[in-house]
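Student: Take this structure, written in structure tokens, and hold onto it; I'll ask about it next.
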Amino acid sequence: MVAMDDGPDGPDAADGSETPLGRVLPLPPAPDGIELRHLRAFVAVAEELNFGRAAARLYLSQPALSRQIRGLERLVGCDLLRRSTHGVELTLAGDALLDRARSLLYGIDDAVSATRAVGGELAGRLARIWEPVQHLTSADVDLQALRNAGEELHGQFPPPPEIVVRPVNTGGVPSLLLGADPQLQPSLLFLHGGGYVMGSAFGYRGLAGALAMAAEASLVAPEFRLAPEHPFPAALEDAMRAYLWMLDTGTPPDQITMAGDSAGCGLVLSLMVTLQQEKLPLPGGAALLCPGIDLTFDHVDEVPSIGTSEPQPALSLEQLRSFAVSYLDGHPADDPVISPLNADLTGMPPLLIQGGTGDVLVVDAHRLADHAKSHGVDTRLELYPVATHDFHIFWSFLPEAAEALQQAGRFAQEVRAAATTAAREAK
């Protein structure tokens with residue numbers, strides 16, 4: 001409670017003396033167990049003064065509503081409602097809580113409404129950012145124009161100012177090394193998306209830098225070759241050389257986290273399957289951001305036309321399939337090296353899989369998580385309420401993207417910590 005006074009010295013007492021200044025006493029914290037559902041239940045019963053009507057209003061059964069009220073009364077330590085054969089009435093304590101509970105619930109609802117309004121604003125901003133790319137949606141569009149539009153999009157999102165970006169040659173593959181501390185041994189390998197035909201390490205330096213920042217690590221982003229000029233297995237060979245270079249520089253494999261976005265996730269998994277087949281050391285974990293891993297796209301619903309309010313990827317389904325044809329160049333799409341959903345993933349390191357709930361390609365995240373778990377892989381699936389593919393790109397203004405990258409960074413830190421602990425115990 002806050003003691004109020006009438007002036008700088010407080011009101012006069014009855015004997016003419018002055019009372020001491022009021023002091024602000026901290027309120028005891030509310031019990032941790034009180035939840036919004038408790039307060040909504042209480043307000044509904046207090047307003048209806050009838051459990052049956054209140055239960056119907058909340059779409060609850062009467063027993064469930066009664067349990068919530070009893071739970072709230074136990075938590076606050078007093079009776080809030082007086083029940084009798086004649087009906088329900090508020091106790092003095094209940095009357096004291098009612099207006100405050102209403103105010104609290106109103107504030108929560110207002111905050112959610114404001115957040116949704118901002119969310120709509122963000123959705124509009126996302127649509128405007130994607131628009132130059134989405135205008136190039138036919139399968140026969142000039143690929144160079146599409147590549148240029150993609151680079152311009154990524155160019156809007158530079159890396160965090162703390163991140164130092166410098167070139168490095170990783171086993172013959174031109175790459176970028178990103179990190180807040182250039183002296184750190186690289187422990188992240190990032191393979192960018194772009195359907196194997198577009199994107200670049202330079203263009204993706206914003207997302208890669210943000211991931212390096214979140215992971216408190218140094219990151220290698222190889223400039224792997226693109227189709228159709230260099231179809232499969234060119235990108236895989238370049239990714240393999242970059243990974244082996246990291247091992248040659250002294251980074252223990254179990255301290256390395258591989259990461260990728262969209263089609264880059266498919267390349268990460270291709271690399272891990274190949275490492276396993278060739279009996280080479282696997283990394284300590286993999287973070288897969290909005291994976292696009294099924295090059296048949298048979299499980300993806302047809303994409304809504306541009307201009308609708310429905311969620312959609314940045315590119316048309318027809319175009320995505322044309323990218324896959326360019327990359328495969330006649331190679332079977334069901335090869336386990338290319339399609340991880342056909343691979344035996346037994347023995348793979350922990351996977352973090354993230355997706356947007358409104359992304360039409362989120363089906364790949366679900367299928368991959370189920371497939372990996374069925375092979376005993378430690379798999380974590382995280383879904384975010386976002387209606388765009390590859391939402392991590394927008395980490396600088398989209399809260400869900402920033403949170404997802406923080407989680408991916410923590411995952412990479414956990415991989416390093418587990419490796420350090422294992423090495424210590426092995427001594």
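Chain labels run A, B, ... following the order of the structure tokens; each chain numbers its residues from 1, and ligands are numbered from 1 in the order shown.
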Output as a PyMOL selection string all residues of region 21-252 of chain A that backbone DSSP marks as helix (DSSP H, G or I).
Tutor: chain A and resi 36-48+51-58+62-76+92-134+143-155+205-215+234-248
Student: Which residues come within 8 Å of Leu236 (chain A), counting only C-alpha atoms, excluding same-chain residues fewer than 5 positions away, as an MDAnalysis selection string?
Tutor: chainID A and resid 267 270:271
Student: Keeping C-alpha atoms for every residue in the selection just given, could you write it to a file as a short mmCIF file (atom, residue, chain, number, x, y, z; two decimals), in the first residue's frame?
Tutor:
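Contents of the output file out_32.cif:
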```cif
data_model
loop_
_atom_site.label_atom_id
_atom_site.label_comp_id
_atom_site.auth_asym_id
_atom_site.auth_seq_id
_atom_site.Cartn_x
_atom_site.Cartn_y
_atom_site.Cartn_z
CA LEU A 267 22.49 -29.04 -47.99
CA SER A 270 23.18 -33.88 -47.42
CA LEU A 271 26.55 -33.07 -45.89
#
```
Student: Per DSSP on the backbone, what are the strand (DSSP E) residues of region 145-335 of chain A, as a PyMOL selection string?
Tutor: chain A and resi 164-170+173-179+186-191+218-222+257-261+285-289
Student: Go ahead and write the selection's residues with N, CA and C atoms as a CSV table (one decimal), in the first residue's frame.
Tutor:
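Ended up saving to out15.csv:
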```
chain,number,residue,atom,x,y,z
A,164,VAL,N,32.4,-8.6,-37.1
A,164,VAL,CA,33.5,-8.4,-38.1
A,164,VAL,C,33.4,-9.4,-39.2
A,165,VAL,N,33.4,-8.9,-40.5
A,165,VAL,CA,33.3,-9.8,-41.6
A,165,VAL,C,34.6,-9.8,-42.4
A,166,ARG,N,35.2,-10.9,-42.6
A,166,ARG,CA,36.4,-10.9,-43.4
A,166,ARG,C,36.4,-12.2,-44.3
A,167,PRO,N,37.1,-12.1,-45.5
A,167,PRO,CA,37.2,-13.2,-46.4
A,167,PRO,C,38.1,-14.3,-45.9
A,168,VAL,N,37.9,-15.5,-46.3
A,168,VAL,CA,38.8,-16.6,-45.9
A,168,VAL,C,38.6,-17.7,-47.0
A,169,ASN,N,39.7,-18.4,-47.3
A,169,ASN,CA,39.6,-19.5,-48.3
A,169,ASN,C,39.6,-20.8,-47.5
A,170,THR,N,38.5,-21.5,-47.7
A,170,THR,CA,38.3,-22.7,-46.9
A,170,THR,C,38.4,-23.9,-47.8
A,173,VAL,N,37.5,-23.0,-51.3
A,173,VAL,CA,36.2,-22.4,-51.5
A,173,VAL,C,36.2,-21.0,-50.9
A,174,PRO,N,35.9,-20.0,-51.7
A,174,PRO,CA,35.9,-18.6,-51.1
A,174,PRO,C,34.7,-18.5,-50.1
A,175,SER,N,35.0,-18.0,-49.0
A,175,SER,CA,34.0,-18.0,-47.9
A,175,SER,C,34.2,-16.7,-47.1
A,176,LEU,N,33.2,-16.5,-46.2
A,176,LEU,CA,33.3,-15.4,-45.2
A,176,LEU,C,33.4,-15.9,-43.8
A,177,LEU,N,34.2,-15.2,-43.0
A,177,LEU,CA,34.3,-15.6,-41.6
A,177,LEU,C,33.7,-14.4,-40.8
A,178,LEU,N,32.7,-14.7,-40.0
A,178,LEU,CA,32.0,-13.7,-39.3
A,178,LEU,C,32.0,-13.9,-37.8
A,179,GLY,N,32.2,-12.9,-37.0
A,179,GLY,CA,32.1,-13.0,-35.6
A,179,GLY,C,32.5,-11.7,-34.9
A,186,PRO,N,36.5,-20.9,-35.4
A,186,PRO,CA,35.1,-21.0,-35.9
A,186,PRO,C,34.4,-22.3,-35.5
A,187,SER,N,33.2,-22.2,-35.0
A,187,SER,CA,32.5,-23.4,-34.6
A,187,SER,C,31.1,-23.5,-35.2
A,188,LEU,N,30.8,-22.6,-36.1
A,188,LEU,CA,29.5,-22.6,-36.9
A,188,LEU,C,29.8,-22.6,-38.4
A,189,LEU,N,29.1,-23.5,-39.0
A,189,LEU,CA,29.1,-23.6,-40.5
A,189,LEU,C,27.7,-23.3,-41.0
A,190,PHE,N,27.6,-22.2,-41.8
A,190,PHE,CA,26.3,-21.7,-42.2
A,190,PHE,C,26.2,-21.9,-43.7
A,191,LEU,N,25.2,-22.6,-44.2
A,191,LEU,CA,24.9,-22.8,-45.6
A,191,LEU,C,23.6,-22.1,-46.0
A,218,SER,N,32.3,-17.8,-33.8
A,218,SER,CA,32.8,-17.4,-35.1
A,218,SER,C,32.1,-18.3,-36.1
A,219,LEU,N,31.7,-17.8,-37.2
A,219,LEU,CA,30.9,-18.6,-38.2
A,219,LEU,C,31.6,-18.5,-39.6
A,220,VAL,N,31.6,-19.7,-40.3
A,220,VAL,CA,32.1,-19.8,-41.7
A,220,VAL,C,30.9,-19.9,-42.6
A,221,ALA,N,30.8,-19.0,-43.6
A,221,ALA,CA,29.7,-19.1,-44.6
A,221,ALA,C,30.4,-19.3,-46.0
A,222,PRO,N,30.4,-20.5,-46.5
A,222,PRO,CA,31.1,-20.7,-47.8
A,222,PRO,C,30.3,-20.2,-49.0
A,257,THR,N,28.5,-26.6,-34.9
A,257,THR,CA,27.1,-26.7,-35.2
A,257,THR,C,26.9,-26.3,-36.7
A,258,MET,N,26.3,-27.1,-37.5
A,258,MET,CA,25.9,-26.8,-38.8
A,258,MET,C,24.6,-26.1,-38.8
A,259,ALA,N,24.4,-25.1,-39.6
A,259,ALA,CA,23.2,-24.3,-39.7
A,259,ALA,C,22.9,-24.0,-41.1
A,260,GLY,N,21.6,-23.9,-41.4
A,260,GLY,CA,21.2,-23.5,-42.8
A,260,GLY,C,19.7,-23.0,-42.7
A,261,ASP,N,19.4,-22.3,-43.8
A,261,ASP,CA,18.0,-21.8,-43.9
A,261,ASP,C,17.4,-22.3,-45.2
A,285,GLY,N,25.9,-30.8,-33.7
A,285,GLY,CA,24.5,-30.6,-33.9
A,285,GLY,C,24.2,-29.8,-35.1
A,286,ALA,N,22.9,-29.7,-35.4
A,286,ALA,CA,22.5,-28.9,-36.6
A,286,ALA,C,21.3,-28.1,-36.3
A,287,ALA,N,21.3,-26.8,-36.7
A,287,ALA,CA,20.1,-25.9,-36.6
A,287,ALA,C,19.6,-25.7,-37.9
A,288,LEU,N,18.3,-26.0,-38.1
A,288,LEU,CA,17.7,-26.0,-39.4
A,288,LEU,C,16.5,-25.0,-39.4
A,289,LEU,N,16.7,-23.9,-40.1
A,289,LEU,CA,15.8,-22.8,-40.1
A,289,LEU,C,14.9,-22.8,-41.3
```
Student: Show which residues sit within 7 Å of Gly195 (chain A), as a list of chain:residue names. Count only C-alpha atoms, and ignore same-chain residues fewer than 3 positions away.
Tutor: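 In the requested form, the answer reads A:Met198, A:Ala263, A:Leu320, A:Phe323.
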Student: Could you make a table, as JSON lines, of the residues of region 308-412 of chain A that have an atom within 7 Å of an atom of region 209-217 of chain A, each with its nearest atom pair and distance in Å to one decimal, counting only C-alpha atoms, in chain and number order?
Tutor:
```
{"residue": "A:Leu405", "atom": "CA", "partner": "A:Leu211", "partner_atom": "CA", "distance": 6.0}
{"residue": "A:Gln406", "atom": "CA", "partner": "A:Ala214", "partner_atom": "CA", "distance": 5.3}
{"residue": "A:Gly409", "atom": "CA", "partner": "A:Ala215", "partner_atom": "CA", "distance": 3.7}
{"residue": "A:Arg410", "atom": "CA", "partner": "A:Ala215", "partner_atom": "CA", "distance": 6.0}
{"residue": "A:Ala412", "atom": "CA", "partner": "A:Ala215", "partner_atom": "CA", "distance": 5.8}
```
Student: Next, dump the selected residues to file, keeping only N, CA and C atoms, as a PDB file, in the first residue's frame.
Tutor:
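Generated file (out-v6.pdb):
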```
ATOM      1  N   LEU A 405      16.328 -16.809 -33.592  1.00  0.00           N
ATOM      2  CA  LEU A 405      17.790 -16.798 -33.700  1.00  0.00           C
ATOM      3  C   LEU A 405      18.445 -16.896 -32.336  1.00  0.00           C
ATOM      4  N   GLN A 406      17.843 -16.284 -31.323  1.00  0.00           N
ATOM      5  CA  GLN A 406      18.382 -16.434 -29.973  1.00  0.00           C
ATOM      6  C   GLN A 406      18.355 -17.901 -29.553  1.00  0.00           C
ATOM      7  N   GLY A 409      21.010 -19.718 -31.390  1.00  0.00           N
ATOM      8  CA  GLY A 409      22.308 -19.406 -30.788  1.00  0.00           C
ATOM      9  C   GLY A 409      22.542 -20.177 -29.505  1.00  0.00           C
ATOM     10  N   ARG A 410      21.495 -20.279 -28.675  1.00  0.00           N
ATOM     11  CA  ARG A 410      21.620 -21.050 -27.430  1.00  0.00           C
ATOM     12  C   ARG A 410      21.884 -22.524 -27.735  1.00  0.00           C
ATOM     13  N   ALA A 412      23.521 -23.726 -30.299  1.00  0.00           N
ATOM     14  CA  ALA A 412      24.939 -23.844 -30.653  1.00  0.00           C
ATOM     15  C   ALA A 412      25.824 -23.762 -29.412  1.00  0.00           C
TER      16      ALA A 412
END
```
Student: I'd like to know which of A:Tyr196, A:Val386, A:Leu207, A:His230 is closest to Leu295 (chain A), using only C-alpha atoms.
Tutor: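 Closest residue, counting only C-alpha atoms: A:Tyr196.
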Student: What gap, in Å, lies between CA of His154 (chain A) and CA of Gly199 (chain A)?
Tutor: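 Rounded to one decimal, the two atoms are 8.8 Å apart.
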Student: Calculated over only C-alpha atoms, which of the candidates A:Glu151, A:Glu229, A:Asp390, A:Glu278 has the smallest distance to Gly292 (chain A)?
Tutor: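 Nearest to Gly292 (chain A): A:Asp390.
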